[in-house]
Amino acid sequence: MGKYQTVAKEIVDKIGGKENVNSLTHCITRLRFKLKDESIAQTDVLKDMDGIVTVMSSGGQYQVVIGNHVAEVYQEVQTLLGNQLETTAATEGPKMKPLDAFIDVISGIFQPILGVMAATGMLKGLNTLFETLGWYSAESGSYIVLNGIGDALFMFLPIILGYTAAKKFGLKPMVGLVVGAIMCYPGLQSSTLSGSMEPLYTLFEGTMFASPIYLDFFGLPIISMDYTSTVVPVIFVVFFASKVERLLNKIIPDLVKFFIVPLLTLVVSLVVGLLLIGPFVTFGSTAIAQTIMSVRDFSPMLAGAVVGGTWQILVIFGLHWGFIPIYINNIVTNGYDNVMMPFFACTFATSAVVLAIFFKTKDQKLKEMTIPNFISGIFGVTEPAIYGILLPLKKPFIISCIAGAIGGGFYGAFNFRKFVMGGMGIFEFPGMMNPDGSMGNLYVAFAGVIISFVIAFVLTMVLFKDKESVAVASASGAVAVAVETSSEVVAEKPSLKKVTLISPLVGKVLPLKEVSDDAFALEILGKGSAVIPSEGLVVAPIDGVVTTLFPSLHAIGITSEDGIEILIHVGINTVQLDGKGFKALVEQGDTVKAGQHLLEFDIAVIEAAGFSIETPVVITNTDQFLDVIATNEATITHGETLIDVLIG
């Protein structure tokens, strides 16, 4: 079993099994169950378990305090409890900004498969390498078996994504899996239909969207495409299917729900998907490819920059497929392609960014991810790096696009070409050698790789801050990392450093042991202090980065340059307000200065709901420091010292 699977299994067992659970959410440090019968939960046993800090019952919730790894344990518990509980935490709190929501969706869908995706990508590249070295031929059983192992995930990606997207959108996962399988069904693929049938007619003939029609659905034309290896169509179809399933669950009688709901969900969502969603992606791909052709007529360098700079974005949305027919047609008719090939720069820009992050980050989990993703990228499989590292971190993704654009512009200006189809990553170089034996085009290929690689590596080394590693955490969790702050060296002991935290609140100081929540009072979550606020404003206690901002806005975490992890928890059990009475003035990932306004909260709303406004301020990684010293003052205001942390 995995690191958190064992503790998750024990938790579910000791709370009375999944049959005893009505709902599950989590906050910064705790799993929050609503149990049907709390009396059957084995609380004393749970308290003594490794991996559990303590257990308490408060506000109608059975709370299992985990600490920093709550997100990972939550995911494992979700799996054990069943799909009906898996979307609870994701639906809490205020809506995210569109970009953050998009990244959250992509991360949530791809996160479960990133490891195996990187592994299979490496295997594909290694298999090609061994064949190139002459260890075996492409016709040998060894090559075919290893290629099948490495390529299957990518070929049948819609099936895998159908399952993970279903879990993200709240659709029954097996229905999502079947949606993906149907979209990979051979009889529905454009390549299969075009090879065995004559088109009934051509839709939009004479335009860039001309589409041969091989099938119709009760008279409605189905614009065929190859869905294997695609990403966007299945995600959209599953999202639509989740809405259909929810609607059907409301209107279908319980007696026949078991088979009628999945039946109608599959039929409705797949018909809409094949008639509308697939064609939408197809037309989008075609329009983009034709636009690049037009730009190339005006300026090859500009067209190359556009392809190199946007290729990863096109891959994310599955719109890069529009270039494939042009690529194949150019090689067949002209003997080379120079329209799509500027994308080659982006492959190595991506790998360079990942390599730079390996050298820059102190986050061990992120560092471990970079190694297989770098190797996979060099071999031409960049999806693991895009979905697992670059896109969640945002800035490295932008850097890779900039470097790709510069390399792509270089390729466009020097008419970079590929003469033979096949190969990926470094294995594409042989196909770039001019058939007449001249090496000029191959030199251009190497020069473009060096340009894009160096630019991407240098920009990442200069611009990437390790604080950004917070974004590669799972969708429901966060990783605490280092950021900027200031500290005071204690004069009498040069090896000792004292870091001062100013009060984030105005009000009466309350010793932490007097807080009405045992997890704080017993210093289980760390040492610190508490304030009973007289004003509804939280300011930053130190220069740092916002490493945690829970959707309900009741708690915020900041990490300093010295690695001090500070948790400010406004009120007790206020997570249950779902953000009511709270207003965030910063976002997760923001760099803040001491005294900067972070949160506003309405004391009257909190108290009217029956919750205490006691606000603990704790150092959650207390054990890493010599001492944490709280103020002895009775009252405090912004700017005054609340806590001193001694660092050896």
# chains A, B, ... in the order shown; residues from 1 in each chain; ligands from 1

$ select_by_dssp --residues "region 106-348 of chain A" --states "alpha helix (DSSP H)" --output "ChimeraX atom specification"
/A:106-110,114-132,141-155,157-169,173-183,190-196,232-251,257-272,278-298,300-317,323-334,344-348

$ write_last_selection --atoms "C-alpha atoms" --output "short mmCIF file (atom, residue, chain, number, x, y, z; two decimals), in the first residue's frame"
data_model
loop_
_atom_site.label_atom_id
_atom_site.label_comp_id
_atom_site.auth_asym_id
_atom_site.auth_seq_id
_atom_site.Cartn_x
_atom_site.Cartn_y
_atom_site.Cartn_z
CA ILE A 106 -6.49 20.41 -15.92
CA SER A 107 -4.40 19.64 -12.84
CA GLY A 108 -7.19 17.63 -11.25
CA ILE A 109 -7.71 15.55 -14.38
CA PHE A 110 -4.05 14.89 -15.18
CA LEU A 114 1.35 12.11 -14.38
CA GLY A 115 3.71 9.47 -13.00
CA VAL A 116 2.69 6.75 -15.42
CA MET A 117 2.55 9.26 -18.27
CA ALA A 118 6.15 10.28 -17.63
CA ALA A 119 7.16 6.61 -17.35
CA THR A 120 5.55 5.59 -20.63
CA GLY A 121 6.96 8.66 -22.36
CA MET A 122 10.45 7.68 -21.24
CA LEU A 123 9.87 4.11 -22.44
CA LYS A 124 8.79 5.33 -25.89
CA GLY A 125 11.98 7.35 -26.21
CA LEU A 126 14.24 4.60 -24.91
CA ASN A 127 12.67 2.08 -27.27
CA THR A 128 13.38 4.38 -30.21
CA LEU A 129 16.94 4.89 -28.92
CA PHE A 130 17.60 1.15 -28.68
CA GLU A 131 16.24 0.63 -32.20
CA THR A 132 18.42 3.48 -33.49
CA GLY A 141 8.92 -8.55 -31.21
CA SER A 142 10.96 -6.70 -28.57
CA TYR A 143 10.37 -3.33 -30.26
CA ILE A 144 6.68 -4.02 -30.86
CA VAL A 145 6.02 -5.10 -27.26
CA LEU A 146 7.90 -2.16 -25.70
CA ASN A 147 6.29 0.26 -28.15
CA GLY A 148 2.88 -1.08 -27.19
CA ILE A 149 3.62 -0.63 -23.49
CA GLY A 150 4.90 2.90 -24.05
CA ASP A 151 2.31 4.01 -26.58
CA ALA A 152 -0.93 2.52 -25.25
CA LEU A 153 -1.63 5.23 -22.68
CA PHE A 154 -1.23 7.97 -25.30
CA MET A 155 -3.27 6.14 -27.92
CA LEU A 157 -5.76 8.64 -23.56
CA PRO A 158 -9.48 9.50 -23.88
CA ILE A 159 -10.32 6.36 -21.87
CA ILE A 160 -8.00 7.32 -19.02
CA LEU A 161 -9.08 10.96 -19.09
CA GLY A 162 -12.72 9.90 -19.23
CA TYR A 163 -12.22 8.25 -15.85
CA THR A 164 -10.22 11.06 -14.19
CA ALA A 165 -12.42 13.81 -15.66
CA ALA A 166 -15.50 12.01 -14.37
CA LYS A 167 -14.06 12.06 -10.85
CA LYS A 168 -13.28 15.76 -11.23
CA PHE A 169 -16.74 16.70 -12.52
CA PRO A 173 -16.16 7.27 -12.96
CA MET A 174 -17.17 4.09 -14.80
CA VAL A 175 -19.51 6.12 -16.98
CA GLY A 176 -16.65 8.49 -17.79
CA LEU A 177 -14.41 5.55 -18.62
CA VAL A 178 -17.03 4.17 -21.01
CA VAL A 179 -17.41 7.60 -22.63
CA GLY A 180 -13.67 7.58 -23.37
CA ALA A 181 -13.82 4.01 -24.67
CA ILE A 182 -16.66 4.86 -27.04
CA MET A 183 -14.69 7.82 -28.38
CA SER A 190 -12.10 9.14 -39.32
CA SER A 191 -9.11 7.10 -40.48
CA THR A 192 -11.15 3.87 -40.29
CA LEU A 193 -14.16 5.33 -42.09
CA SER A 194 -12.15 7.00 -44.85
CA GLY A 195 -10.25 3.79 -45.51
CA SER A 196 -13.34 1.61 -45.88
CA VAL A 232 -10.15 18.17 -25.16
CA PRO A 233 -13.10 16.32 -26.77
CA VAL A 234 -13.42 13.71 -24.02
CA ILE A 235 -13.09 16.32 -21.25
CA PHE A 236 -15.91 18.39 -22.71
CA VAL A 237 -18.09 15.34 -23.33
CA VAL A 238 -17.58 14.11 -19.76
CA PHE A 239 -18.34 17.56 -18.38
CA PHE A 240 -21.58 17.61 -20.39
CA ALA A 241 -22.34 14.04 -19.29
CA SER A 242 -21.97 15.06 -15.63
CA LYS A 243 -24.69 17.69 -16.11
CA VAL A 244 -26.92 15.20 -17.92
CA GLU A 245 -26.47 12.61 -15.17
CA ARG A 246 -27.38 15.09 -12.42
CA LEU A 247 -30.52 16.12 -14.29
CA LEU A 248 -31.56 12.53 -14.93
CA ASN A 249 -31.02 11.58 -11.28
CA LYS A 250 -33.58 14.21 -10.36
CA ILE A 251 -36.30 13.11 -12.78
CA LYS A 257 -32.29 4.67 -12.05
CA PHE A 258 -29.70 1.90 -11.89
CA PHE A 259 -29.68 1.29 -15.65
CA ILE A 260 -31.79 4.09 -17.18
CA VAL A 261 -29.59 6.95 -15.93
CA PRO A 262 -26.31 5.59 -17.36
CA LEU A 263 -28.10 4.53 -20.56
CA LEU A 264 -29.52 7.98 -21.26
CA THR A 265 -26.37 9.73 -20.03
CA LEU A 266 -24.21 7.83 -22.54
CA VAL A 267 -26.59 8.25 -25.46
CA VAL A 268 -27.26 11.96 -24.94
CA SER A 269 -23.67 12.98 -24.15
CA LEU A 270 -22.05 10.92 -26.93
CA VAL A 271 -24.51 12.04 -29.59
CA VAL A 272 -23.92 15.68 -28.64
CA GLY A 278 -15.78 16.86 -32.04
CA PRO A 279 -16.54 19.12 -35.01
CA PHE A 280 -15.89 22.22 -32.90
CA VAL A 281 -12.36 20.98 -32.12
CA THR A 282 -11.85 19.95 -35.75
CA PHE A 283 -12.87 23.33 -37.11
CA GLY A 284 -10.76 25.11 -34.49
CA SER A 285 -7.72 23.10 -35.52
CA THR A 286 -8.35 23.76 -39.21
CA ALA A 287 -8.84 27.50 -38.71
CA ILE A 288 -5.60 27.83 -36.74
CA ALA A 289 -3.58 25.83 -39.27
CA GLN A 290 -4.92 27.86 -42.19
CA THR A 291 -4.20 31.09 -40.32
CA ILE A 292 -0.57 30.03 -39.88
CA MET A 293 -0.37 29.28 -43.62
CA SER A 294 -1.60 32.80 -44.36
CA VAL A 295 0.88 34.34 -41.90
CA ARG A 296 3.69 32.34 -43.50
CA ASP A 297 2.91 33.90 -46.87
CA PHE A 298 3.47 37.27 -45.21
CA PRO A 300 7.99 32.94 -42.48
CA MET A 301 9.80 34.17 -39.35
CA LEU A 302 6.56 35.47 -37.80
CA ALA A 303 4.73 32.25 -38.68
CA GLY A 304 7.51 30.20 -37.10
CA ALA A 305 7.36 32.32 -33.94
CA VAL A 306 3.59 31.87 -33.73
CA VAL A 307 3.85 28.09 -34.11
CA GLY A 308 6.73 27.78 -31.64
CA GLY A 309 5.13 30.11 -29.11
CA THR A 310 1.63 28.66 -29.17
CA TRP A 311 2.31 24.98 -29.77
CA GLN A 312 1.94 23.97 -26.12
CA ILE A 313 -1.31 25.88 -25.85
CA LEU A 314 -2.58 24.11 -28.97
CA VAL A 315 -1.54 20.75 -27.46
CA ILE A 316 -3.51 21.48 -24.28
CA PHE A 317 -6.67 22.12 -26.27
CA PHE A 323 -1.44 20.82 -38.56
CA ILE A 324 -1.03 17.10 -39.08
CA PRO A 325 -2.82 16.90 -42.48
CA ILE A 326 -0.81 19.90 -43.69
CA TYR A 327 2.42 18.33 -42.38
CA ILE A 328 1.74 15.02 -44.14
CA ASN A 329 0.55 16.68 -47.34
CA ASN A 330 3.64 18.92 -47.49
CA ILE A 331 6.04 16.00 -47.11
CA VAL A 332 4.18 13.91 -49.68
CA THR A 333 3.77 16.67 -52.28
CA ASN A 334 6.76 18.96 -51.64
CA PHE A 344 10.42 21.51 -32.67
CA ALA A 345 11.91 24.43 -30.72
CA CYS A 346 9.18 24.14 -28.10
CA THR A 347 10.07 20.53 -27.34
CA PHE A 348 13.52 21.52 -26.13
#

$ closest_atom_pairs --of "region 611-632 of chain A" --to "region 549-562 of chain A" --cutoff "10 Å" --atoms "only C-alpha atoms" --output "tab-separated table"
residue	atom	partner	partner_atom	distance
A:Thr615	CA	A:Ala555	CA	9.4
A:Pro616	CA	A:Ala555	CA	9.8
A:Val617	CA	A:Gly557	CA	9.7
A:Val618	CA	A:Gly557	CA	9.7
A:Ile619	CA	A:Thr559	CA	9.7
A:Thr620	CA	A:Gly557	CA	9.5

$ write_last_selection --atoms "all heavy atoms" --output "PDB file, in the first residue's frame"
ATOM      1  N   THR A 615      -8.801  33.666  17.312  1.00  0.00           N
ATOM      2  CA  THR A 615      -8.015  33.474  16.090  1.00  0.00           C
ATOM      3  C   THR A 615      -6.601  33.020  16.428  1.00  0.00           C
ATOM      4  O   THR A 615      -5.745  33.827  16.797  1.00  0.00           O
ATOM      5  CB  THR A 615      -7.970  34.769  15.265  1.00  0.00           C
ATOM      6  OG1 THR A 615      -9.306  35.132  14.898  1.00  0.00           O
ATOM      7  CG2 THR A 615      -7.130  34.586  14.011  1.00  0.00           C
ATOM      8  N   PRO A 616      -6.321  31.736  16.331  1.00  0.00           N
ATOM      9  CA  PRO A 616      -4.962  31.232  16.585  1.00  0.00           C
ATOM     10  C   PRO A 616      -4.000  31.667  15.477  1.00  0.00           C
ATOM     11  O   PRO A 616      -4.363  31.695  14.289  1.00  0.00           O
ATOM     12  CB  PRO A 616      -5.138  29.715  16.586  1.00  0.00           C
ATOM     13  CG  PRO A 616      -6.610  29.485  16.772  1.00  0.00           C
ATOM     14  CD  PRO A 616      -7.279  30.648  16.112  1.00  0.00           C
ATOM     15  N   VAL A 617      -2.785  31.988  15.884  1.00  0.00           N
ATOM     16  CA  VAL A 617      -1.689  32.263  14.954  1.00  0.00           C
ATOM     17  C   VAL A 617      -0.566  31.322  15.367  1.00  0.00           C
ATOM     18  O   VAL A 617       0.052  31.510  16.426  1.00  0.00           O
ATOM     19  CB  VAL A 617      -1.230  33.730  15.030  1.00  0.00           C
ATOM     20  CG1 VAL A 617      -0.095  33.980  14.044  1.00  0.00           C
ATOM     21  CG2 VAL A 617      -2.396  34.677  14.772  1.00  0.00           C
ATOM     22  N   VAL A 618      -0.322  30.283  14.580  1.00  0.00           N
ATOM     23  CA  VAL A 618       0.614  29.242  15.001  1.00  0.00           C
ATOM     24  C   VAL A 618       1.703  29.012  13.960  1.00  0.00           C
ATOM     25  O   VAL A 618       1.514  29.263  12.763  1.00  0.00           O
ATOM     26  CB  VAL A 618      -0.113  27.905  15.279  1.00  0.00           C
ATOM     27  CG1 VAL A 618      -1.120  28.069  16.398  1.00  0.00           C
ATOM     28  CG2 VAL A 618      -0.791  27.373  14.029  1.00  0.00           C
ATOM     29  N   ILE A 619       2.848  28.527  14.456  1.00  0.00           N
ATOM     30  CA  ILE A 619       3.955  28.115  13.600  1.00  0.00           C
ATOM     31  C   ILE A 619       3.814  26.609  13.420  1.00  0.00           C
ATOM     32  O   ILE A 619       4.096  25.829  14.337  1.00  0.00           O
ATOM     33  CB  ILE A 619       5.316  28.458  14.242  1.00  0.00           C
ATOM     34  CG1 ILE A 619       5.349  29.913  14.701  1.00  0.00           C
ATOM     35  CG2 ILE A 619       6.448  28.147  13.269  1.00  0.00           C
ATOM     36  CD1 ILE A 619       5.070  30.916  13.605  1.00  0.00           C
ATOM     37  N   THR A 620       3.351  26.191  12.270  1.00  0.00           N
ATOM     38  CA  THR A 620       2.994  24.781  12.086  1.00  0.00           C
ATOM     39  C   THR A 620       4.207  23.865  11.989  1.00  0.00           C
ATOM     40  O   THR A 620       4.077  22.655  12.151  1.00  0.00           O
ATOM     41  CB  THR A 620       2.128  24.605  10.823  1.00  0.00           C
ATOM     42  OG1 THR A 620       2.839  25.094   9.691  1.00  0.00           O
ATOM     43  CG2 THR A 620       0.816  25.359  10.966  1.00  0.00           C
TER      44      THR A 620
END

$ residues_around --residues "Val55 (chain A)" --least-positions-apart "5" --cutoff "12 Å" --atoms "only C-alpha atoms" --output "MDAnalysis selection string"
chainID A and resid 11 14:15 29:33 38 41:49 61:67 517:519 524

$ write_last_selection --atoms "C-alpha atoms" --output "PDB file, in the first residue's frame"
ATOM      1  CA  ILE A  11      -9.478   5.935   9.401  1.00  0.00           C
ATOM      2  CA  LYS A  14     -12.308   3.094  12.731  1.00  0.00           C
ATOM      3  CA  ILE A  15     -15.042   5.656  12.040  1.00  0.00           C
ATOM      4  CA  THR A  29      -5.222  20.394   8.674  1.00  0.00           C
ATOM      5  CA  ARG A  30      -8.304  18.228   9.254  1.00  0.00           C
ATOM      6  CA  LEU A  31     -10.614  15.714   7.692  1.00  0.00           C
ATOM      7  CA  ARG A  32     -14.140  16.818   8.623  1.00  0.00           C
ATOM      8  CA  PHE A  33     -16.645  13.972   8.617  1.00  0.00           C
ATOM      9  CA  GLU A  38     -20.439   9.178  16.105  1.00  0.00           C
ATOM     10  CA  ALA A  41     -16.338   5.604  15.930  1.00  0.00           C
ATOM     11  CA  GLN A  42     -13.261   4.296  17.753  1.00  0.00           C
ATOM     12  CA  THR A  43     -11.939   7.700  18.763  1.00  0.00           C
ATOM     13  CA  ASP A  44      -9.325   6.527  21.276  1.00  0.00           C
ATOM     14  CA  VAL A  45      -7.858   4.096  18.765  1.00  0.00           C
ATOM     15  CA  LEU A  46      -7.660   6.795  16.102  1.00  0.00           C
ATOM     16  CA  LYS A  47      -5.899   9.207  18.465  1.00  0.00           C
ATOM     17  CA  ASP A  48      -3.121   6.676  19.038  1.00  0.00           C
ATOM     18  CA  MET A  49      -2.571   5.926  15.342  1.00  0.00           C
ATOM     19  CA  GLN A  61     -18.420  17.342  12.649  1.00  0.00           C
ATOM     20  CA  TYR A  62     -16.125  14.454  13.527  1.00  0.00           C
ATOM     21  CA  GLN A  63     -12.704  15.975  12.935  1.00  0.00           C
ATOM     22  CA  VAL A  64      -9.567  13.910  12.334  1.00  0.00           C
ATOM     23  CA  VAL A  65      -6.531  16.196  12.568  1.00  0.00           C
ATOM     24  CA  ILE A  66      -3.857  15.099  10.079  1.00  0.00           C
ATOM     25  CA  GLY A  67      -1.617  18.140   9.697  1.00  0.00           C
ATOM     26  CA  ASP A 517     -10.175  24.154  20.254  1.00  0.00           C
ATOM     27  CA  ASP A 518      -7.952  21.352  21.592  1.00  0.00           C
ATOM     28  CA  ALA A 519      -5.957  21.020  18.382  1.00  0.00           C
ATOM     29  CA  ILE A 524      -0.779  19.886  18.377  1.00  0.00           C
TER      30      ILE A 524
END

$ atom_distance --atom1 "CA of Val444 (chain A)" --atom2 "CA of Gly409 (chain A)"
11.9 Å

$ closest_atom_pairs --of "region 219-278 of chain A" --to "region 206-215 of chain A" --cutoff "8 Å" --atoms "only C-alpha atoms" --output "JSON lines"
{"residue": "A:Pro221", "atom": "CA", "partner": "A:Leu215", "partner_atom": "CA", "distance": 6.4}
{"residue": "A:Ile222", "atom": "CA", "partner": "A:Leu215", "partner_atom": "CA", "distance": 5.6}
{"residue": "A:Ile223", "atom": "CA", "partner": "A:Ile213", "partner_atom": "CA", "distance": 5.9}
{"residue": "A:Ser224", "atom": "CA", "partner": "A:Ile213", "partner_atom": "CA", "distance": 7.1}

$ write_last_selection --atoms "N, CA, C and O atoms" --output "compact mmCIF listing (two decimals), in the first residue's frame"
# COMPACT_ATOMS: atom_id res chain seq x y z
N PRO A 221 -25.67 15.07 -39.90
CA PRO A 221 -24.33 14.68 -40.33
C PRO A 221 -23.34 14.62 -39.17
O PRO A 221 -23.31 15.50 -38.31
N ILE A 222 -22.54 13.54 -39.14
CA ILE A 222 -21.48 13.40 -38.16
C ILE A 222 -20.15 13.70 -38.84
O ILE A 222 -19.75 13.01 -39.77
N ILE A 223 -19.51 14.76 -38.40
CA ILE A 223 -18.20 15.13 -38.93
C ILE A 223 -17.16 14.30 -38.20
O ILE A 223 -16.92 14.50 -37.01
N SER A 224 -16.57 13.37 -38.89
CA SER A 224 -15.68 12.39 -38.25
C SER A 224 -14.30 12.97 -37.99
O SER A 224 -13.81 13.84 -38.72

$ closest_residue --among "A:Ile613, A:Val570, A:Val53, A:Ile426" --to "Leu442 (chain A)" --atoms "only C-alpha atoms"
A:Ile426

$ select_by_dssp --residues "region 206-277 of chain A" --states "strand (DSSP E)" --output "list of chain:residue names"
A:Ser211, A:Pro212, A:Ile213, A:Tyr214, A:Leu215, A:Asp216, A:Phe217, A:Leu220, A:Pro221, A:Ile222, A:Ile223
